[in-house]
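Novice: This is the structure, below, for whatever I ask next.
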Amino acid sequence: VQLQASGGGLVQDGGSLRLSCAASGIFFESHHMGWFRQAPGKEREFVAAIAYNGNNAIYTESVKGRFTISRDNGKTTVYLQMNNLKPEDAAVYYCTAAPRRSVISPIPMRREEYKYWGQGTLVTVSS
């Protein structure tokens, strides 16, 4: 299983970035996909996740209205569009996958519910 995240970089306060995560080795369409982030000295935290079929998404409160998660099951890729970035968004962003338990299983938010993790991509926001 491989989750290859890309798209991180240095951006100014208020700028935008689009993260991508290409998955391989899993049946992508049966996995909820998520993004977590970890800033220096802090715990890894939930950012956003999208259902296996793309019909629903959830976000942590601090990024609502600024970040959008999406997925392309044909390309086995999940995206995180980040707009109006703030210095507090700076972190290593991790792509992650959780196998769905059923067709009606909720999108997980807890770190321990996710089974597969990518290597992370660094986002730096200058003020």
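Residues are named by chain letter and number: chains run A, B, ... in the order of the structure tokens, numbers start at 1 in each chain, and ligands are numbered from 1 in the order shown.
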Return as a ChimeraX atom specification the full set of residues in chain A whose backbone-based DSSP assignment is strand (DSSP E).
Specialist: /A:2-6,9-12,17-24,31-38,45-50,57-59,67-72,77-82,91-99,116-117,121-126
Novice: Please report as a tab-separated table every residue of segment 2-46 of chain A lying within 7 Å of segment 97-117 of chain A, along with the nearest atom pair and their distance in Å (one decimal), using only C-alpha atoms.
Specialist:
residue	atom	partner	partner_atom	distance
A:Leu3	CA	A:Trp117	CA	6.4
A:Ser30	CA	A:Arg100	CA	5.9
A:His31	CA	A:Pro99	CA	4.2
A:His32	CA	A:Ala98	CA	5.1
A:Met33	CA	A:Ala97	CA	4.6
A:Gly34	CA	A:Ala97	CA	6.2
A:Phe46	CA	A:Met109	CA	6.3
Novice: Would you write out those residues with C-alpha atoms, as a short mmCIF file (atom, residue, chain, number, x, y, z; two decimals), in the first residue's frame?
Specialist:
data_model
loop_
_atom_site.label_atom_id
_atom_site.label_comp_id
_atom_site.auth_asym_id
_atom_site.auth_seq_id
_atom_site.Cartn_x
_atom_site.Cartn_y
_atom_site.Cartn_z
CA LEU A 3 -0.14 6.84 -0.35
CA SER A 30 -13.92 1.14 -0.58
CA HIS A 31 -11.85 3.53 1.54
CA HIS A 32 -12.71 6.79 3.20
CA MET A 33 -9.84 9.19 2.62
CA GLY A 34 -8.59 11.84 5.00
CA PHE A 46 -7.71 15.80 11.83
#
Novice: Determine, counting only C-alpha atoms, which protein, DNA and RNA residues have an atom within 9 Å of an atom of segment 69-78 of chain A; residues of the same chain fewer than 2 positions away are not included. Present the result as a count of residues only.
Specialist: 26
Novice: What is the atom CA of Glu45 of chain A to atom CA of Tyr93 of chain A distance in Å?
Specialist: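 That distance, rounded to one decimal, is 9.5 Å.
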Novice: Could you check how far atom CA of Tyr94 of chain A sits from atom CA of Ala5 of chain A, in Å to one decimal?
Specialist: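 Interatomic distance here is 7.2 Å.
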Novice: If I take atom CA of Gly25 of chain A and atom CA of Gln119 of chain A, how far is one from the other in Å, to one decimal?
Specialist: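 Distance reported for this atom pair: 15.2 Å.
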Novice: Hey, what's within 12 Å of Glu43 of chain A if we count only C-alpha atoms and toss same-chain stuff fewer than 6 positions away? As a PDB file with C-alpha atoms, in the first residue's frame, please?
Specialist:
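Saved as selection.pdb:
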ATOM      1  CA  PHE A  36      -4.354  15.086   8.997  1.00  0.00           C
ATOM      2  CA  ARG A  37      -1.659  17.590   9.863  1.00  0.00           C
ATOM      3  CA  ALA A  91       2.340  21.755   9.231  1.00  0.00           C
ATOM      4  CA  VAL A  92       3.213  18.469   7.657  1.00  0.00           C
ATOM      5  CA  ARG A 111      -6.593   8.985  13.987  1.00  0.00           C
TER       6      ARG A 111
END
Novice: Do you know which residues are at most 12 Å from Gly9 of chain A counting only C-alpha atoms, after dropping those on the same chain fewer than 6 positions away, and could you put them as a list in words?
Specialist: Gly15, Ser16, Leu17, Arg18, Leu19, Met82, Leu85, Ala90, Ala91, Val92, Tyr93, Gly120, Thr121, Leu122, Val123, Thr124, Val125 and Ser126 of chain A
Novice: Could you pull out the residues in segment 1-105 of chain A that DSSP calls helix (DSSP H, G or I) from the backbone, as number ranges by chain?
Specialist: A: 28-30, 61-63, 87-89
Novice: For the selection just defined, write its residues with C-alpha atoms to a file, as a compact mmCIF listing (two decimals), in the first residue's frame.
Specialist:
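Resulting contents of result.txt:
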# COMPACT_ATOMS: atom_id res chain seq x y z
CA PHE A 28 -9.61 2.92 -3.42
CA GLU A 29 -13.37 2.99 -3.85
CA SER A 30 -13.92 1.14 -0.58
CA GLU A 61 -13.88 23.76 12.35
CA SER A 62 -10.81 25.89 11.75
CA VAL A 63 -10.65 25.07 8.03
CA PRO A 87 0.33 30.81 9.47
CA GLU A 88 -1.46 28.45 11.85
CA ASP A 89 -2.10 26.09 8.92
